[in-house]
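Novice: Sending over a structure as C-alpha cells; questions will come in a sec.
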Amino acid sequence: MKSVRMLGSVGSQVGKSKRFILKEHFRGLPKKSDFQLVEEDLPALKDGDVLFKALYLSVDPYMRPTALRHPTGITMFGSQVARVLETKNPAFKVGDNVVGFFGWRSLTVVNPDEVMSPYGGKSRPYVLPDFGEVPLSTGLGILGMPGNTAWFGLTKLCDPKPGETLVVTGAAGAVGSIVGQLGKILGLKVIGFAGSEDKVKWLTSELNFDHAFNYKTCNVRKVLSEAAPNGVDCYFDNVGGTISSDIMESMNNFGRVAVCGSISSYNAESRPTAPVTQPAIVMKQLRVEGFLVTRWSNLWFEGISKNLEFIKEGKLKFKETIVKGFENTDEAFIGLFQGENTGKAIVEA
C-alpha cells in the first residue's frame, strides 16, 4: 500500500517544471536518445487555470505507434494521476486527485478545458472517485484506461457467454491480465499467452487462468488443440502477428475477436508480414473488430465502478511494476518493449 503526502497550494510562485521532449521519432526499439529531459519556468495561473503536480505517470505500448503521428519537439504525451496544488477553476479544488493527459511533465499549468488527447481532440481531466484502500496509482491501470479497455472490449465486442473459451494474448500485461480475470468472473474458460515462464506461472497460480503458455517456446496451434479441444469462441488480441493468425485458425464458427493492439509489430522498422487471416475469418464467419476505449467515454465511471467492485469482492487482482523517479520515465517506457513489466507499468514521480 502506497501513501501519498497531501500537498497544499504553493501560492503565486509557481516555480519550475521538468518535462521530456520527444527528440526523435522511434526507429526500432525506443532509446534514451529519442528523448530529452528539460527544465522550464511555469507561467502564473490565469482565470480557469489549474496547477497540477504529477504523482504517477503512465507508460503504455500505444505511445510507440501514436508518437509517429506527432511532430518531434513536443512534450511526450501520456496520462498522469496528478494532484491540484493551486487553482483558479471552480471545478477543481486544492487536494483533488485527477487523471489527465498532461504528458511527461512534473508540474503542469493548464486550463482543464484545453487539455488535448494524444489521439486528437480535447480530453478534460477528471477527478478520481474515492478508491478507499486501493492505491491511487490504479487510476492509471485497473481503475483507469487499461481496466476500462479490458471491461468494455471484452463485454461489448467479444459478447462472452458462460461456458465459452476465451484466449488472451499479452496476457500478463496491463490490459490482458484484467481481461483474463474478467473472463473467469463471467464464467469463461480462459487461456493466456505471455512471454516468460514467470509470467505464465503468475497467470495460472494467482490470476486463476485455466491455462497459460509461453508463446516463445510453444507451438500455438498444438497447445490450443489440447487446451481448447472444442475450439475458441472469443479472442482478445493485444499483439497481432503470427500468433493471432494461429489463434483465429483455432476459433469456432461465429467467434468474436476484439483487436486492442499489435505490440508484436510496434518496433519493426518495416511492416512485418504474417499468414493471411481472411480464410479463417470468412470460412468461420468470425466477427473481428478493432477499438479504442474512448468509444465508451460516456460510460467511463461505470467501468471504473465495476472493476472497483470486483477488487473489493476479492475477485479481481492487479499487479503494478513501479519505477520510482520522474527522471526515469523514459527507461520505464523502453522497458515495456523488453518484457520488464508484469501488469501495469507506472512511474512514481
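Convention: chains lettered A, B, ... in C-alpha cells order; per-chain residue numbering from 1; ligands numbered from 1 as shown.
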Residues within 12 Å of Pro272 of chain A, please, as a count of residues only. Count only C-alpha atoms; anything in the same chain fewer than 6 positions from it doesn't count.
Specialist: 8
Novice: Could you give me, as a PyMOL selection string, the residues within 10 Å of Gly335 of chain A, counting only C-alpha atoms and dropping anything in the same chain fewer than 4 positions from it?
Specialist: chain A and resi 29-30+59+329-331+339-341+345
Novice: Which residues come within 8 Å of segment 115-123 of chain A, counting only C-alpha atoms, excluding same-chain residues fewer than 4 positions away, as JSON, numbers by chain?
Specialist: {"A": [66, 77, 78, 100, 101, 102, 110, 111]}
Novice: Pull N, CA and C atoms from the residues just selected and write them as a short mmCIF file (atom, residue, chain, number, x, y, z; two decimals), in the first residue's frame.
Specialist:
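Contents of result22.cif, freshly written:
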```
data_model
loop_
_atom_site.label_atom_id
_atom_site.label_comp_id
_atom_site.auth_asym_id
_atom_site.auth_seq_id
_atom_site.Cartn_x
_atom_site.Cartn_y
_atom_site.Cartn_z
N THR A 66 1.65 5.73 -31.71
CA THR A 66 0.99 7.03 -31.73
C THR A 66 1.99 8.16 -31.90
N PHE A 77 3.65 12.73 -24.74
CA PHE A 77 2.28 12.67 -24.26
C PHE A 77 2.08 11.47 -23.32
N GLY A 78 0.97 11.49 -22.61
CA GLY A 78 0.63 10.40 -21.70
C GLY A 78 -0.22 10.92 -20.57
N GLY A 100 -5.39 12.96 -16.05
CA GLY A 100 -5.43 13.81 -17.23
C GLY A 100 -4.26 13.55 -18.14
N PHE A 101 -4.40 13.92 -19.40
CA PHE A 101 -3.33 13.77 -20.38
C PHE A 101 -2.40 14.98 -20.30
N PHE A 102 -1.61 15.04 -19.24
CA PHE A 102 -0.68 16.15 -19.05
C PHE A 102 0.70 15.87 -19.65
N VAL A 110 -2.42 24.53 -16.68
CA VAL A 110 -3.27 24.42 -17.86
C VAL A 110 -4.71 24.69 -17.49
N ASN A 111 -5.48 25.18 -18.45
CA ASN A 111 -6.93 25.22 -18.31
C ASN A 111 -7.44 23.82 -18.64
#
```
Novice: Considering only C-alpha atoms, return as a PDB file with C-alpha atoms, in the first residue's frame whatever protein or nucleic-acid residues lie within 6 Å of segment 284-289 of chain A, sequence-local ones (same chain, fewer than 5 positions apart) excluded.
Specialist:
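Dumped to part-v8.pdb:
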```pdb
ATOM      1  CA  ASN A 253     -17.739 -20.631 -36.246  1.00  0.00           C
ATOM      2  CA  PHE A 254     -19.121 -17.191 -35.366  1.00  0.00           C
ATOM      3  CA  GLY A 255     -16.229 -16.483 -32.979  1.00  0.00           C
ATOM      4  CA  ARG A 256     -15.620 -12.894 -31.878  1.00  0.00           C
ATOM      5  CA  VAL A 257     -12.269 -11.094 -31.942  1.00  0.00           C
ATOM      6  CA  ALA A 258     -11.601  -7.795 -30.142  1.00  0.00           C
ATOM      7  CA  VAL A 259      -8.431  -6.227 -31.562  1.00  0.00           C
TER       8      VAL A 259
END
```
Novice: Which is closest to Leu292 of chain A among A:Thr149, A:Thr165, A:Asn328, A:Ser205, if we use only C-alpha atoms?
Specialist: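 Closest to Leu292 of chain A, using only C-alpha atoms: A:Thr149.
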Novice: Show me, as a list in words, the residues that have an atom within 12 Å of Lys201 of chain A when counting only C-alpha atoms, minus same-chain residues fewer than 2 positions from it.
Specialist: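 Listed by chain and then number, they are Ala171, Ala172, Gly192, Phe193, Ala194, Gly195, Ser196, Glu197, Asp198, Lys199, Leu203, Thr204, Ser205, Glu206, Leu207, Asn208, Phe209, Asp210, His211, Ala212, Phe213, Asn214 and Thr342 of chain A.
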Novice: Using the selection just defined, write its residues with N, CA, C and O atoms as a compact mmCIF listing (two decimals), in the first residue's frame.
Specialist:
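Final file, selection.txt:
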```txt
# COMPACT_ATOMS: atom_id res chain seq x y z
N ALA A 171 -1.11 -11.57 -22.16
CA ALA A 171 -1.99 -11.86 -21.03
C ALA A 171 -1.44 -11.40 -19.69
O ALA A 171 -2.19 -11.32 -18.72
N ALA A 172 -0.15 -11.14 -19.60
CA ALA A 172 0.43 -10.68 -18.34
C ALA A 172 0.59 -9.17 -18.31
O ALA A 172 1.16 -8.62 -17.36
N GLY A 192 -4.28 -17.99 -21.66
CA GLY A 192 -3.46 -16.82 -21.88
C GLY A 192 -2.11 -17.17 -22.49
O GLY A 192 -1.56 -18.25 -22.25
N PHE A 193 -1.57 -16.23 -23.27
CA PHE A 193 -0.21 -16.34 -23.80
C PHE A 193 0.61 -15.16 -23.31
O PHE A 193 0.16 -14.01 -23.37
N ALA A 194 1.81 -15.46 -22.78
CA ALA A 194 2.71 -14.43 -22.28
C ALA A 194 4.13 -14.79 -22.69
O ALA A 194 4.37 -15.82 -23.32
N GLY A 195 5.11 -13.92 -22.31
CA GLY A 195 6.44 -14.06 -22.86
C GLY A 195 7.51 -14.60 -21.94
O GLY A 195 8.70 -14.52 -22.28
N SER A 196 7.15 -15.14 -20.78
CA SER A 196 8.16 -15.74 -19.89
C SER A 196 7.49 -16.78 -19.01
O SER A 196 6.27 -16.74 -18.79
N GLU A 197 8.31 -17.69 -18.48
CA GLU A 197 7.77 -18.73 -17.61
C GLU A 197 7.23 -18.14 -16.31
O GLU A 197 6.23 -18.62 -15.77
N ASP A 198 7.88 -17.10 -15.79
CA ASP A 198 7.39 -16.46 -14.57
C ASP A 198 6.01 -15.85 -14.79
O ASP A 198 5.13 -15.94 -13.92
N LYS A 199 5.82 -15.23 -15.93
CA LYS A 199 4.51 -14.63 -16.22
C LYS A 199 3.44 -15.70 -16.39
O LYS A 199 2.32 -15.55 -15.91
N LEU A 203 -0.03 -16.13 -14.11
CA LEU A 203 -1.38 -16.18 -14.67
C LEU A 203 -2.19 -17.34 -14.12
O LEU A 203 -3.38 -17.19 -13.80
N THR A 204 -1.56 -18.50 -14.00
CA THR A 204 -2.31 -19.68 -13.54
C THR A 204 -2.38 -19.78 -12.03
O THR A 204 -3.42 -20.16 -11.48
N SER A 205 -1.30 -19.41 -11.34
CA SER A 205 -1.27 -19.61 -9.88
C SER A 205 -1.97 -18.51 -9.12
O SER A 205 -2.51 -18.74 -8.04
N GLU A 206 -1.97 -17.29 -9.65
CA GLU A 206 -2.55 -16.16 -8.92
C GLU A 206 -3.81 -15.58 -9.58
O GLU A 206 -4.72 -15.13 -8.89
N LEU A 207 -3.86 -15.59 -10.90
CA LEU A 207 -4.98 -14.93 -11.58
C LEU A 207 -6.05 -15.90 -12.04
O LEU A 207 -7.02 -15.48 -12.68
N ASN A 208 -5.86 -17.19 -11.77
CA ASN A 208 -6.92 -18.18 -12.00
C ASN A 208 -7.17 -18.48 -13.47
O ASN A 208 -8.24 -18.98 -13.84
N PHE A 209 -6.20 -18.18 -14.37
CA PHE A 209 -6.34 -18.63 -15.75
C PHE A 209 -6.38 -20.15 -15.76
O PHE A 209 -5.66 -20.81 -15.00
N ASP A 210 -7.18 -20.72 -16.64
CA ASP A 210 -7.22 -22.18 -16.74
C ASP A 210 -5.94 -22.74 -17.34
O ASP A 210 -5.46 -23.79 -16.91
N HIS A 211 -5.40 -22.06 -18.33
CA HIS A 211 -4.15 -22.46 -18.96
C HIS A 211 -3.38 -21.21 -19.36
O HIS A 211 -3.99 -20.18 -19.69
N ALA A 212 -2.06 -21.30 -19.36
CA ALA A 212 -1.23 -20.21 -19.86
C ALA A 212 0.02 -20.81 -20.48
O ALA A 212 0.53 -21.85 -20.01
N PHE A 213 0.51 -20.16 -21.54
CA PHE A 213 1.64 -20.70 -22.28
C PHE A 213 2.62 -19.59 -22.64
O PHE A 213 2.22 -18.43 -22.85
N ASN A 214 3.89 -19.97 -22.72
CA ASN A 214 4.94 -19.06 -23.16
C ASN A 214 4.97 -19.13 -24.69
O ASN A 214 5.37 -20.14 -25.26
N THR A 342 5.31 -6.63 -15.42
CA THR A 342 4.19 -7.55 -15.24
C THR A 342 3.04 -6.71 -14.73
O THR A 342 3.19 -5.95 -13.77
```
Novice: Counting only C-alpha atoms, figure out which residue out of A:Ser79, A:Thr277, A:Thr108, A:Ser250 gets nearest to Pro146 of chain A.
Specialist: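 Under the stated criterion, the closest residue is A:Ser79.
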Novice: Run DSSP on the backbone of this structure and report the residues of segment 78-308 of chain A it assigns to alpha helix (DSSP H), as JSON, numbers by chain.
Specialist: {"A": [145, 146, 147, 148, 149, 150, 151, 152, 176, 177, 178, 179, 180, 181, 182, 183, 184, 185, 197, 198, 199, 200, 201, 202, 203, 204, 205, 220, 221, 222, 223, 224, 225, 226, 227, 241, 242, 243, 244, 245, 246, 247, 248, 249, 278, 279, 280, 281, 282, 283, 300, 301, 302, 303, 304, 305, 306, 307, 308]}
Novice: Would you kindly return, as a PyMOL selection string, each protein, DNA or RNA residue with an atom no farther than 8 Å from any atom of Arg19 of chain A, considering only C-alpha atoms and excluding same-chain residues fewer than 3 positions away?
Specialist: chain A and resi 37-39+75-76+104-106
Novice: Please return as a ChimeraX atom specification: the residues of segment 84-285 of chain A that backbone DSSP assigns to strand (DSSP E or B).
Specialist: /A:84-87,97-100,105,107-110,116,122,126-127,165-169,173,189-194,211-214,232-237,251-259
Novice: Between atom CA of Val109 of chain A and atom CA of Pro43 of chain A, what distance in Å does the model show, to one decimal?
Specialist: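 Answer for the atom CA of Val109 of chain A to atom CA of Pro43 of chain A separation: 7.1 Å.
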Novice: Name the residues in contact with Leu51 of chain A at a cut-off of 12 Å, using only C-alpha atoms, excluding same-chain residues fewer than 3 positions from it; report them as a VMD selection string.
Specialist: chain A and resid 7 to 17 42 to 48 54 82 to 89 92 to 98 102 105 to 112
